[in-house]
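Novice: Below you'll find data_27.cif; it's mmCIF, C-alpha atoms.
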data_entry
#
loop_
_atom_site.label_atom_id
_atom_site.label_comp_id
_atom_site.auth_asym_id
_atom_site.auth_seq_id
_atom_site.Cartn_x
_atom_site.Cartn_y
_atom_site.Cartn_z
CA MET H 506 0.00 0.00 0.00
CA GLY H 507 3.03 2.27 0.29
CA ALA H 508 3.87 3.72 3.70
CA PRO H 509 2.24 7.13 4.11
CA ASP H 510 4.56 9.69 5.59
CA PRO H 511 2.45 12.79 5.93
CA PHE H 512 4.81 14.28 8.52
CA GLU H 513 7.68 15.05 6.23
CA SER H 514 8.33 18.49 4.85
CA SER H 515 5.59 20.12 6.90
CA PRO H 516 5.65 23.85 6.24
CA ASP H 517 5.51 24.41 10.00
CA GLU H 518 8.33 22.38 11.54
CA THR H 519 7.14 22.41 15.16
CA ARG H 520 3.61 21.48 14.19
CA GLY H 521 4.90 18.65 11.99
CA GLU H 522 7.05 17.37 14.88
CA MET H 523 4.12 17.54 17.28
CA MET H 524 1.92 15.62 14.83
CA ARG H 525 4.61 13.00 14.32
CA ALA H 526 5.02 12.62 18.09
CA THR H 527 1.24 12.17 18.41
CA TYR H 528 1.30 9.52 15.73
CA GLU H 529 4.25 7.63 17.20
CA ALA H 530 2.65 7.58 20.65
CA LEU H 531 -0.75 6.60 19.24
CA ARG H 532 0.57 3.67 17.21
CA LYS H 533 2.50 2.39 20.22
CA HIS H 534 -0.14 2.79 22.90
CA GLY H 535 -3.52 2.98 21.17
CA TYR H 536 -6.05 5.57 22.23
CA SER H 537 -6.90 4.39 25.70
CA ASP H 538 -3.36 4.27 27.09
CA LEU H 539 -2.30 7.45 25.33
CA THR H 540 -1.33 10.43 27.48
CA ILE H 541 0.10 13.86 26.74
CA GLN H 542 3.14 12.65 28.73
CA ARG H 543 3.65 9.77 26.26
CA ILE H 544 3.23 12.10 23.29
CA GLY H 545 5.79 14.39 24.92
CA ASP H 546 8.23 11.46 25.13
CA GLU H 547 8.21 11.28 21.30
CA PHE H 548 8.57 15.06 20.86
CA PRO H 549 12.10 16.41 20.35
CA LYS H 550 11.34 19.84 21.84
CA SER H 551 10.02 20.92 25.23
CA LYS H 552 6.80 19.20 26.35
CA SER H 553 5.46 22.55 27.55
CA LEU H 554 5.04 23.57 23.90
CA ILE H 555 2.36 20.86 23.56
CA TYR H 556 0.45 22.16 26.57
CA GLN H 557 0.66 25.69 25.16
CA HIS H 558 -0.99 24.61 21.93
CA TYR H 559 -3.56 22.02 23.01
CA ASP H 560 -6.09 21.68 25.82
CA GLY H 561 -5.54 17.97 26.26
CA LYS H 562 -5.28 14.64 24.56
CA ASP H 563 -8.58 14.84 22.62
CA ASP H 564 -7.93 18.38 21.44
CA LEU H 565 -4.53 17.26 20.15
CA LEU H 566 -5.89 14.11 18.50
CA VAL H 567 -8.66 16.00 16.69
CA ALA H 568 -6.00 18.46 15.45
CA PHE H 569 -3.99 15.40 14.35
CA LEU H 570 -6.93 14.12 12.27
CA GLU H 571 -7.32 17.59 10.76
CA PHE H 572 -3.61 17.62 9.89
CA LEU H 573 -3.86 14.20 8.22
CA LEU H 574 -6.82 15.33 6.12
CA GLU H 575 -4.91 18.44 4.98
CA ARG H 576 -1.92 16.33 3.95
CA PHE H 577 -4.16 13.74 2.34
CA LYS H 578 -5.80 16.49 0.26
CA ALA H 579 -2.40 17.86 -0.73
CA ASP H 580 -1.15 14.40 -1.75
CA VAL H 581 -4.08 13.32 -3.92
CA PRO H 582 -2.59 12.28 -7.25
CA SER H 583 -3.46 14.37 -10.28
CA ASP H 584 -5.48 13.06 -13.23
CA ASP H 585 -2.36 13.60 -15.34
CA ASP H 586 -0.66 10.67 -13.56
CA PHE H 587 -3.12 8.25 -15.18
CA GLU H 588 -4.02 7.19 -18.68
CA ASP H 589 -7.73 7.76 -18.08
CA ALA H 590 -10.38 7.58 -15.33
CA ARG H 591 -10.48 3.78 -15.62
CA ASP H 592 -6.75 3.53 -14.90
CA HIS H 593 -7.13 6.10 -12.09
CA LEU H 594 -10.02 4.30 -10.35
CA LEU H 595 -8.50 0.84 -10.67
CA THR H 596 -5.27 2.13 -9.08
CA LEU H 597 -7.26 3.83 -6.33
CA VAL H 598 -9.18 0.67 -5.37
CA GLU H 599 -6.21 -1.70 -5.68
CA ARG H 600 -3.57 0.25 -3.80
CA PRO H 601 -5.13 0.57 -0.32
CA LEU H 602 -5.89 -3.16 -0.18
CA ALA H 603 -2.67 -4.58 -1.65
CA ASP H 604 0.53 -5.67 0.09
CA PRO H 605 -0.02 -4.16 3.51
CA ASP H 606 3.39 -3.35 4.99
CA ASP H 607 3.97 -2.90 8.73
CA GLU H 608 4.05 0.86 8.53
CA HIS H 609 0.68 1.05 6.84
CA VAL H 610 -0.85 -1.51 9.20
CA ALA H 611 0.32 0.64 12.13
CA PHE H 612 -1.24 3.69 10.50
CA LEU H 613 -4.57 1.90 9.95
CA GLY H 614 -4.48 0.65 13.53
CA ALA H 615 -4.10 4.23 14.77
CA MET H 616 -7.07 5.27 12.62
CA ALA H 617 -9.21 2.40 13.94
CA ALA H 618 -8.37 3.49 17.49
CA LEU H 619 -9.53 7.05 16.76
CA ARG H 620 -12.67 5.90 14.91
CA GLY H 621 -13.52 3.95 18.05
CA GLN H 622 -13.80 7.25 19.91
CA ALA H 623 -16.03 8.92 17.34
CA PRO H 624 -19.37 7.43 18.48
CA PHE H 625 -18.74 9.05 21.87
CA ASP H 626 -17.26 12.41 20.85
CA GLU H 627 -18.77 14.95 18.45
CA ALA H 628 -15.41 16.55 17.54
CA TYR H 629 -14.04 13.21 16.29
CA ARG H 630 -17.28 12.55 14.42
CA GLU H 631 -17.06 15.87 12.58
CA GLN H 632 -13.47 15.17 11.63
CA PHE H 633 -14.23 11.68 10.26
CA ALA H 634 -17.30 13.09 8.46
CA ASP H 635 -15.00 15.58 6.67
CA THR H 636 -12.42 12.90 5.85
CA ASP H 637 -14.99 10.40 4.53
CA ALA H 638 -16.79 13.12 2.53
CA PHE H 639 -13.51 14.22 0.96
CA PHE H 640 -12.61 10.68 -0.11
CA ARG H 641 -16.12 10.03 -1.45
CA GLU H 642 -16.06 13.28 -3.43
CA HIS H 643 -12.65 12.38 -4.83
CA VAL H 644 -13.93 9.00 -6.04
CA ALA H 645 -17.14 10.56 -7.39
CA ASP H 646 -15.03 13.05 -9.39
CA ILE H 647 -13.09 10.22 -11.01
CA VAL H 648 -16.35 8.41 -11.83
CA ARG H 649 -17.76 11.60 -13.38
CA ASP H 650 -14.56 12.04 -15.42
CA GLY H 651 -14.86 8.46 -16.64
CA ILE H 652 -18.45 8.97 -17.75
CA GLU H 653 -17.41 12.13 -19.62
CA GLN H 654 -14.48 10.30 -21.22
CA GLY H 655 -16.84 7.54 -22.33
CA VAL H 656 -14.89 4.83 -20.46
CA PHE H 657 -17.52 4.41 -17.68
CA ARG H 658 -21.23 3.69 -17.96
CA GLU H 659 -23.74 6.31 -16.75
CA VAL H 660 -23.79 5.15 -13.12
CA ASP H 661 -24.67 7.40 -10.15
CA PRO H 662 -21.26 8.88 -9.17
CA GLU H 663 -22.17 9.56 -5.50
CA ARG H 664 -23.70 6.16 -4.92
CA THR H 665 -20.78 4.40 -6.59
CA ALA H 666 -18.31 6.43 -4.54
CA ALA H 667 -20.10 5.71 -1.25
CA PHE H 668 -20.01 2.00 -2.07
CA ILE H 669 -16.31 1.94 -2.99
CA SER H 670 -15.36 4.01 0.05
CA ALA H 671 -17.32 1.77 2.46
CA THR H 672 -15.81 -1.39 0.97
CA ILE H 673 -12.23 -0.12 1.22
CA ASP H 674 -12.79 1.15 4.78
CA GLY H 675 -14.44 -2.08 5.88
CA ALA H 676 -11.71 -4.26 4.41
CA GLN H 677 -8.97 -2.19 6.00
CA SER H 678 -10.73 -2.12 9.36
CA GLN H 679 -11.35 -5.88 9.30
CA TYR H 680 -7.75 -6.53 8.32
CA VAL H 681 -6.20 -4.42 11.04
CA THR H 682 -8.57 -5.75 13.73
CA THR H 683 -8.24 -9.45 12.79
CA GLY H 684 -4.99 -9.89 10.85
CA ASN H 685 -6.77 -11.91 8.13
CA GLU H 686 -4.79 -11.25 4.93
CA ALA H 687 -6.71 -13.71 2.74
CA ALA H 688 -9.97 -11.83 3.32
CA VAL H 689 -8.56 -8.42 2.38
CA ASP H 690 -7.07 -9.97 -0.74
CA ASP H 691 -10.48 -11.41 -1.67
CA VAL H 692 -12.07 -7.99 -1.22
CA ARG H 693 -9.42 -6.34 -3.42
CA ARG H 694 -10.03 -8.81 -6.25
CA GLU H 695 -13.80 -8.54 -6.05
CA LEU H 696 -13.74 -4.73 -5.84
CA THR H 697 -11.58 -4.60 -8.98
CA GLU H 698 -14.05 -6.95 -10.65
CA TYR H 699 -16.92 -4.71 -9.55
CA VAL H 700 -15.28 -1.66 -11.15
CA ARG H 701 -14.63 -3.60 -14.37
CA ARG H 702 -18.12 -5.07 -14.65
CA ARG H 703 -20.32 -2.33 -13.25
CA LEU H 704 -18.49 0.78 -14.45
CA VAL H 705 -16.17 0.07 -17.35
CA VAL H 706 -17.86 0.19 -20.76
CA ASP H 707 -17.49 -3.30 -22.28
CA GLY H 708 -15.90 -4.28 -18.96
CA GLU H 709 -16.44 -8.00 -19.38
CA ASP H 710 -13.80 -8.02 -22.11
CA GLY H 711 -11.32 -6.04 -20.06
CA SER H 712 -11.27 -8.45 -17.13
CA MET A 105 -32.22 -2.68 11.32
CA GLY A 106 -34.15 -4.10 14.28
CA ALA A 107 -32.67 -3.65 17.74
CA PRO A 108 -30.58 -6.65 18.70
CA ASP A 109 -31.28 -7.82 22.20
CA PRO A 110 -28.89 -10.67 22.74
CA PHE A 111 -29.16 -10.35 26.51
CA GLU A 112 -32.67 -11.65 26.89
CA SER A 113 -33.44 -15.20 27.94
CA SER A 114 -29.82 -16.07 28.65
CA PRO A 115 -29.64 -19.61 29.94
CA ASP A 116 -27.36 -18.37 32.73
CA GLU A 117 -29.14 -15.44 34.37
CA THR A 118 -26.17 -13.93 36.21
CA ARG A 119 -23.95 -14.13 33.15
CA GLY A 120 -26.67 -12.51 31.04
CA GLU A 121 -27.04 -9.70 33.59
CA MET A 122 -23.27 -9.18 33.71
CA MET A 123 -23.13 -9.00 29.91
CA ARG A 124 -26.03 -6.56 29.80
CA ALA A 125 -24.33 -4.38 32.45
CA THR A 126 -21.13 -4.42 30.37
CA TYR A 127 -23.07 -3.38 27.30
CA GLU A 128 -24.97 -0.58 29.06
CA ALA A 129 -21.75 0.83 30.53
CA LEU A 130 -19.91 0.50 27.21
CA ARG A 131 -22.56 2.29 25.17
CA LYS A 132 -22.68 5.12 27.70
CA HIS A 133 -18.96 5.63 28.27
CA GLY A 134 -17.13 4.13 25.29
CA TYR A 135 -14.06 1.99 25.85
CA SER A 136 -11.64 4.52 27.21
CA ASP A 137 -13.78 5.82 30.08
CA LEU A 138 -15.13 2.39 30.95
CA THR A 139 -14.27 0.96 34.36
CA ILE A 140 -15.33 -2.14 36.26
CA GLN A 141 -16.90 0.31 38.73
CA ARG A 142 -19.14 1.73 35.98
CA ILE A 143 -20.06 -1.76 34.80
CA GLY A 144 -20.91 -2.59 38.41
CA ASP A 145 -23.25 0.43 38.52
CA GLU A 146 -25.38 -1.21 35.82
CA PHE A 147 -25.33 -4.64 37.48
CA PRO A 148 -28.30 -5.50 39.72
CA LYS A 149 -26.32 -7.92 41.91
CA SER A 150 -23.21 -7.47 44.04
CA LYS A 151 -20.21 -5.93 42.22
CA SER A 152 -17.94 -8.48 43.86
CA LEU A 153 -19.46 -11.15 41.59
CA ILE A 154 -17.86 -9.37 38.62
CA TYR A 155 -14.43 -9.37 40.23
CA GLN A 156 -14.84 -13.07 41.04
CA HIS A 157 -15.44 -13.92 37.38
CA TYR A 158 -13.13 -11.56 35.50
CA ASP A 159 -9.57 -10.32 35.87
CA GLY A 160 -10.35 -6.81 34.75
CA LYS A 161 -12.01 -4.68 32.13
CA ASP A 162 -10.36 -6.26 29.08
CA ASP A 163 -10.98 -9.79 30.30
CA LEU A 164 -14.66 -8.91 30.77
CA LEU A 165 -14.94 -7.16 27.39
CA VAL A 166 -13.39 -10.08 25.52
CA ALA A 167 -15.88 -12.38 27.28
CA PHE A 168 -18.59 -9.94 26.21
CA LEU A 169 -17.53 -10.26 22.54
CA GLU A 170 -17.52 -14.04 22.92
CA PHE A 171 -21.02 -13.91 24.39
CA LEU A 172 -22.28 -11.77 21.49
CA LEU A 173 -20.85 -14.19 18.95
CA GLU A 174 -22.57 -17.13 20.67
CA ARG A 175 -25.91 -15.33 20.62
CA PHE A 176 -25.36 -14.18 17.06
CA LYS A 177 -24.73 -17.80 16.03
CA ALA A 178 -27.86 -18.93 17.87
CA ASP A 179 -30.00 -16.21 16.23
CA VAL A 180 -28.97 -16.75 12.61
CA PRO A 181 -32.20 -17.17 10.65
CA SER A 182 -32.83 -20.55 9.07
CA ASP A 183 -33.03 -21.12 5.31
CA ASP A 184 -36.67 -22.10 5.85
CA ASP A 185 -37.52 -18.45 6.62
CA PHE A 186 -36.77 -17.51 3.01
CA GLU A 187 -38.12 -18.35 -0.39
CA ASP A 188 -34.68 -19.14 -1.78
CA ALA A 189 -31.02 -18.08 -1.44
CA ARG A 190 -31.68 -14.93 -3.47
CA ASP A 191 -34.37 -13.80 -1.02
CA HIS A 192 -32.12 -14.78 1.90
CA LEU A 193 -29.06 -12.85 0.66
CA LEU A 194 -31.01 -9.74 -0.33
CA THR A 195 -32.57 -9.62 3.13
CA LEU A 196 -29.17 -10.12 4.72
CA VAL A 197 -27.54 -7.22 2.84
CA GLU A 198 -30.52 -4.84 3.17
CA ARG A 199 -31.34 -5.26 6.83
CA PRO A 200 -28.08 -4.14 8.52
CA LEU A 201 -27.96 -0.95 6.42
CA ALA A 202 -31.63 0.10 6.53
CA ASP A 203 -33.48 2.35 9.01
CA PRO A 204 -30.87 2.59 11.75
CA ASP A 205 -32.71 3.09 15.03
CA ASP A 206 -31.05 4.56 18.15
CA GLU A 207 -30.65 1.19 19.80
CA HIS A 208 -28.80 -0.29 16.87
CA VAL A 209 -26.63 2.81 16.44
CA ALA A 210 -25.63 2.50 20.11
CA PHE A 211 -24.78 -1.17 19.56
CA LEU A 212 -22.64 -0.38 16.50
CA GLY A 213 -20.92 2.41 18.44
CA ALA A 214 -20.00 -0.06 21.17
CA MET A 215 -18.61 -2.44 18.54
CA ALA A 216 -16.56 0.36 16.92
CA ALA A 217 -15.11 1.20 20.33
CA LEU A 218 -14.01 -2.42 20.86
CA ARG A 219 -12.65 -2.77 17.30
CA GLY A 220 -10.51 0.27 18.09
CA GLN A 221 -8.75 -1.76 20.77
CA ALA A 222 -8.09 -4.77 18.55
CA PRO A 223 -4.95 -3.45 16.79
CA PHE A 224 -3.34 -3.17 20.23
CA ASP A 225 -4.61 -6.34 21.92
CA GLU A 226 -4.32 -9.91 20.62
CA ALA A 227 -7.32 -11.21 22.61
CA TYR A 228 -9.64 -8.68 20.95
CA ARG A 229 -8.12 -9.50 17.56
CA GLU A 230 -8.82 -13.20 17.97
CA GLN A 231 -12.39 -12.48 18.97
CA PHE A 232 -13.05 -10.22 15.97
CA ALA A 233 -11.33 -12.75 13.70
CA ASP A 234 -13.82 -15.40 14.90
CA THR A 235 -16.80 -13.07 14.51
CA ASP A 236 -15.81 -11.90 11.01
CA ALA A 237 -15.03 -15.49 9.92
CA PHE A 238 -18.40 -16.67 11.17
CA PHE A 239 -20.29 -13.97 9.27
CA ARG A 240 -18.25 -14.57 6.10
CA GLU A 241 -18.90 -18.32 6.28
CA HIS A 242 -22.60 -17.68 6.80
CA VAL A 243 -22.74 -15.50 3.67
CA ALA A 244 -20.62 -17.99 1.68
CA ASP A 245 -23.08 -20.78 2.65
CA ILE A 246 -26.00 -18.77 1.28
CA VAL A 247 -24.07 -18.08 -1.93
CA ARG A 248 -23.29 -21.81 -2.29
CA ASP A 249 -26.96 -22.66 -1.72
CA GLY A 250 -27.95 -20.16 -4.41
CA ILE A 251 -25.54 -21.68 -6.91
CA GLU A 252 -26.95 -25.15 -6.14
CA GLN A 253 -30.50 -23.86 -6.47
CA GLY A 254 -29.62 -22.33 -9.83
CA VAL A 255 -30.58 -18.80 -8.74
CA PHE A 256 -26.97 -17.54 -8.49
CA ARG A 257 -24.19 -17.60 -11.07
CA GLU A 258 -21.07 -19.70 -10.40
CA VAL A 259 -19.18 -17.00 -8.47
CA ASP A 260 -16.49 -17.69 -5.85
CA PRO A 261 -18.50 -17.99 -2.60
CA GLU A 262 -15.62 -17.01 -0.27
CA ARG A 263 -14.57 -14.01 -2.31
CA THR A 264 -18.15 -12.80 -2.66
CA ALA A 265 -18.73 -13.24 1.07
CA ALA A 266 -15.55 -11.34 2.00
CA PHE A 267 -16.64 -8.49 -0.26
CA ILE A 268 -20.19 -8.29 1.13
CA SER A 269 -18.96 -8.53 4.71
CA ALA A 270 -16.37 -5.74 4.24
CA THR A 271 -18.92 -3.47 2.57
CA ILE A 272 -21.52 -3.88 5.32
CA ASP A 273 -18.90 -3.41 8.04
CA GLY A 274 -17.41 -0.35 6.37
CA ALA A 275 -20.81 1.29 5.84
CA GLN A 276 -21.85 0.64 9.44
CA SER A 277 -18.54 1.89 10.81
CA GLN A 278 -18.64 5.04 8.66
CA TYR A 279 -22.23 5.70 9.66
CA VAL A 280 -21.67 5.37 13.38
CA THR A 281 -18.45 7.43 13.30
CA THR A 282 -19.82 10.26 11.10
CA GLY A 283 -23.63 10.23 11.37
CA ASN A 284 -24.00 10.43 7.56
CA GLU A 285 -27.29 8.66 6.76
CA ALA A 286 -27.30 9.47 3.05
CA ALA A 287 -24.02 7.61 2.52
CA VAL A 288 -25.15 4.41 4.25
CA ASP A 289 -28.36 4.53 2.20
CA ASP A 290 -26.30 4.83 -0.99
CA VAL A 291 -24.23 1.82 0.03
CA ARG A 292 -27.34 -0.23 0.76
CA ARG A 293 -28.80 0.50 -2.68
CA GLU A 294 -25.57 -0.23 -4.51
CA LEU A 295 -24.90 -3.43 -2.54
CA THR A 296 -28.39 -4.69 -3.44
CA GLU A 297 -27.68 -3.80 -7.05
CA TYR A 298 -24.36 -5.68 -6.84
CA VAL A 299 -26.11 -8.83 -5.61
CA ARG A 300 -28.72 -8.57 -8.37
CA ARG A 301 -26.25 -7.94 -11.18
CA ARG A 302 -23.27 -10.01 -10.13
CA LEU A 303 -24.95 -12.99 -8.50
CA VAL A 304 -28.57 -13.41 -9.55
CA VAL A 305 -29.03 -15.35 -12.77
CA ASP A 306 -30.71 -13.00 -15.27
CA GLY A 307 -30.32 -10.36 -12.55
CA GLU A 308 -30.66 -7.43 -14.91
CA ASP A 309 -34.33 -8.31 -15.38
CA GLY A 310 -34.94 -8.71 -11.67
CA SER A 311 -33.76 -5.23 -10.74
#
Re-express the file's structure as structure tokens.

Specialist:
Amino acid sequence: MGAPDPFESSPDETRGEMMRATYEALRKHGYSDLTIQRIGDEFPKSKSLIYQHYDGKDDLLVAFLEFLLERFKADVPSDDDFEDARDHLLTLVERPLADPDDEHVAFLGAMAALRGQAPFDEAYREQFADTDAFFREHVADIVRDGIEQGVFREVDPERTAAFISATIDGAQSQYVTTGNEAAVDDVRRELTEYVRRRLVVDGEDGS
Amino acid sequence: MGAPDPFESSPDETRGEMMRATYEALRKHGYSDLTIQRIGDEFPKSKSLIYQHYDGKDDLLVAFLEFLLERFKADVPSDDDFEDARDHLLTLVERPLADPDDEHVAFLGAMAALRGQAPFDEAYREQFADTDAFFREHVADIVRDGIEQGVFREVDPERTAAFISATIDGAQSQYVTTGNEAAVDDVRRELTEYVRRRLVVDGEDGS
């Protein structure tokens, strides 16, 4: 899946270091055993800087989710990197479910831990709502492009995007909470097949 | 979705009451703020009974997941309740994503909270691995039945089941961690469409 490293080359060095420290502490300890003290242990500068910026663990973690979404938005590949919308969408559905390396598993574990807080905390819920909406819109844009290019059938872009996003999220969450690699591989194959059959014009021949 | 009440008519009354107390405390407080004390507050008998049976919060919560899986297995509807495998599978994919009532949302929130612990705790991981495997096998059995009955195409039952299971899980998790009802409704419609087009023989006519 390619290890994400959203902490590099942050325009604000201290903020980037604080976010990296949050991530390192979160992936080690999970949400429940996470403390500002433990985040401070991963931070190369004075711990007091963290207290100056954030009101506590949840405030810092919500800022961390916001930071990830910003970087995620900045890192979205351009259409120019792909032959057409078909190539773009197939890459997008294959990549997050293929060859999970340790770094990416740790990242997904950290996300699962924070999602687990969302049902009980409005600020987390808003942040995940923004993140999910951004990913869905991104997928819907690719679907719309494909319809315009004549490579996709006239499907409902929002509905298709919601479906793809839920499937990827579910497969990643199941993988990181069970360790079952065969299942995530099955989902990846079937999701690719879904794109080929349901979206791609004359898809049966392409598969 | 129909409120699950796996705590009723437990063959062991005290165990059922302990599991219900765990659930009530979990849905109120989430994982992180959950304590044996708070579980005890929901338990009609002496708190000391809880300490006698369980080594601590995680031991009790893993037992709680085990209990849910047992009840889930016992409550799986029989083939006789459905016209054929097509009817069975369409009901199975529609029900968990339709009309979420408060009770079911609370239940899914509790599950998301416990999934969030799994990347950091082997005992939780094993429990979710069992639960996910059971649901996948259940779906695969229905798919196999449908192929035998001639109502489904010759798809790969395991791969299809992994895909359906990931999609339902992802949609539920996204819903309960964002509150976005429109998205879960989109997923439900598209998943139904997937079953009709990909599995059902002559499915295009049936939709």

Novice: For chain A against chain H, which residues fall within 7 Å using only C-alpha atoms, given as a PyMOL selection string?

Specialist: chain A and resi 134+136+213+216-224+229-230+232-233+263-264+266-267+270-271+273-275+280-282+287+290-291+294

Novice: Next, the residues of the selection above should be written as a short mmCIF file (atom, residue, chain, number, x, y, z; two decimals), in the frame of the given file with C-alpha atoms.

Specialist:
data_model
loop_
_atom_site.label_atom_id
_atom_site.label_comp_id
_atom_site.auth_asym_id
_atom_site.auth_seq_id
_atom_site.Cartn_x
_atom_site.Cartn_y
_atom_site.Cartn_z
CA GLY A 134 -17.13 4.13 25.29
CA SER A 136 -11.64 4.52 27.21
CA GLY A 213 -20.92 2.41 18.44
CA ALA A 216 -16.56 0.36 16.92
CA ALA A 217 -15.11 1.20 20.33
CA LEU A 218 -14.01 -2.42 20.86
CA ARG A 219 -12.65 -2.77 17.30
CA GLY A 220 -10.51 0.27 18.09
CA GLN A 221 -8.75 -1.76 20.77
CA ALA A 222 -8.09 -4.77 18.55
CA PRO A 223 -4.95 -3.45 16.79
CA PHE A 224 -3.34 -3.17 20.23
CA ARG A 229 -8.12 -9.50 17.56
CA GLU A 230 -8.82 -13.20 17.97
CA PHE A 232 -13.05 -10.22 15.97
CA ALA A 233 -11.33 -12.75 13.70
CA ARG A 263 -14.57 -14.01 -2.31
CA THR A 264 -18.15 -12.80 -2.66
CA ALA A 266 -15.55 -11.34 2.00
CA PHE A 267 -16.64 -8.49 -0.26
CA ALA A 270 -16.37 -5.74 4.24
CA THR A 271 -18.92 -3.47 2.57
CA ASP A 273 -18.90 -3.41 8.04
CA GLY A 274 -17.41 -0.35 6.37
CA ALA A 275 -20.81 1.29 5.84
CA VAL A 280 -21.67 5.37 13.38
CA THR A 281 -18.45 7.43 13.30
CA THR A 282 -19.82 10.26 11.10
CA ALA A 287 -24.02 7.61 2.52
CA ASP A 290 -26.30 4.83 -0.99
CA VAL A 291 -24.23 1.82 0.03
CA GLU A 294 -25.57 -0.23 -4.51
#

Novice: In Å to one decimal, how far is atom CA of H:Ala530 from atom CA of H:Arg543?

Specialist: 6.1 Å

Novice: Translate the PyMOL selection byres ((chain A and resi 124) around 10), as applied to the file shown, into an explicit residue set as a PyMOL selection string.

Specialist: chain A and resi 109-112+118-123+125-130+143+146-147+168

Novice: Residues within 9 Å of H:Asp650, please, as a list in words. Count all atoms listed in the file; anything in the same chain fewer than 6 positions from it doesn't count.

Specialist: Asp589, Ala590, Val656 and Phe657 of chain H

Novice: In Å, how far is it from atom CA of A:Tyr158 to atom CA of A:Glu170?

Specialist: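 Atom CA of A:Tyr158 sits 13.6 Å away from atom CA of A:Glu170.
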
Novice: Starting from the displayed file, determine the output of the PyMOL selection byres ((chain A and resi 192) around 10) and express the residue list as a list of chain:residue names.

Specialist: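 On the file shown, the PyMOL selection byres ((chain A and resi 192) around 10) covers A:Pro181, A:Ser182, A:Asp183, A:Asp184, A:Asp185, A:Phe186, A:Glu187, A:Asp188, A:Ala189, A:Arg190, A:Asp191, A:Leu193, A:Leu194, A:Thr195, A:Leu196, A:Val197, A:Val243, A:Ile246, A:Val247, A:Gly250.
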
Novice: Would you mind putting all heavy atoms back on stretch 264-268 of chain A and writing the result as a PDB file, in the coordinates of the input?

Specialist:
ATOM      1  N   THR A 264     -16.913 -13.579  -2.699  1.00  0.00           N
ATOM      2  CA  THR A 264     -18.150 -12.800  -2.660  1.00  0.00           C
ATOM      3  C   THR A 264     -18.518 -12.460  -1.222  1.00  0.00           C
ATOM      4  O   THR A 264     -18.903 -11.325  -0.906  1.00  0.00           O
ATOM      5  CB  THR A 264     -19.296 -13.621  -3.303  1.00  0.00           C
ATOM      6  OG1 THR A 264     -18.869 -14.069  -4.594  1.00  0.00           O
ATOM      7  CG2 THR A 264     -20.558 -12.797  -3.429  1.00  0.00           C
ATOM      8  N   ALA A 265     -18.369 -13.441  -0.333  1.00  0.00           N
ATOM      9  CA  ALA A 265     -18.730 -13.240   1.070  1.00  0.00           C
ATOM     10  C   ALA A 265     -17.797 -12.226   1.733  1.00  0.00           C
ATOM     11  O   ALA A 265     -18.246 -11.375   2.516  1.00  0.00           O
ATOM     12  CB  ALA A 265     -18.672 -14.568   1.815  1.00  0.00           C
ATOM     13  N   ALA A 266     -16.509 -12.295   1.421  1.00  0.00           N
ATOM     14  CA  ALA A 266     -15.550 -11.340   2.000  1.00  0.00           C
ATOM     15  C   ALA A 266     -15.908  -9.920   1.558  1.00  0.00           C
ATOM     16  O   ALA A 266     -15.862  -8.966   2.344  1.00  0.00           O
ATOM     17  CB  ALA A 266     -14.123 -11.683   1.562  1.00  0.00           C
ATOM     18  N   PHE A 267     -16.290  -9.793   0.304  1.00  0.00           N
ATOM     19  CA  PHE A 267     -16.640  -8.490  -0.260  1.00  0.00           C
ATOM     20  C   PHE A 267     -17.895  -7.922   0.409  1.00  0.00           C
ATOM     21  O   PHE A 267     -17.913  -6.765   0.858  1.00  0.00           O
ATOM     22  CB  PHE A 267     -16.865  -8.662  -1.762  1.00  0.00           C
ATOM     23  CG  PHE A 267     -17.148  -7.407  -2.513  1.00  0.00           C
ATOM     24  CD1 PHE A 267     -16.144  -6.468  -2.729  1.00  0.00           C
ATOM     25  CD2 PHE A 267     -18.408  -7.153  -3.036  1.00  0.00           C
ATOM     26  CE1 PHE A 267     -16.390  -5.311  -3.453  1.00  0.00           C
ATOM     27  CE2 PHE A 267     -18.666  -5.993  -3.754  1.00  0.00           C
ATOM     28  CZ  PHE A 267     -17.656  -5.072  -3.964  1.00  0.00           C
ATOM     29  N   ILE A 268     -18.934  -8.737   0.514  1.00  0.00           N
ATOM     30  CA  ILE A 268     -20.190  -8.290   1.130  1.00  0.00           C
ATOM     31  C   ILE A 268     -19.981  -7.931   2.595  1.00  0.00           C
ATOM     32  O   ILE A 268     -20.453  -6.897   3.077  1.00  0.00           O
ATOM     33  CB  ILE A 268     -21.286  -9.374   0.964  1.00  0.00           C
ATOM     34  CG1 ILE A 268     -21.712  -9.452  -0.508  1.00  0.00           C
ATOM     35  CG2 ILE A 268     -22.473  -9.109   1.875  1.00  0.00           C
ATOM     36  CD1 ILE A 268     -22.664 -10.603  -0.829  1.00  0.00           C
TER      37      ILE A 268
END
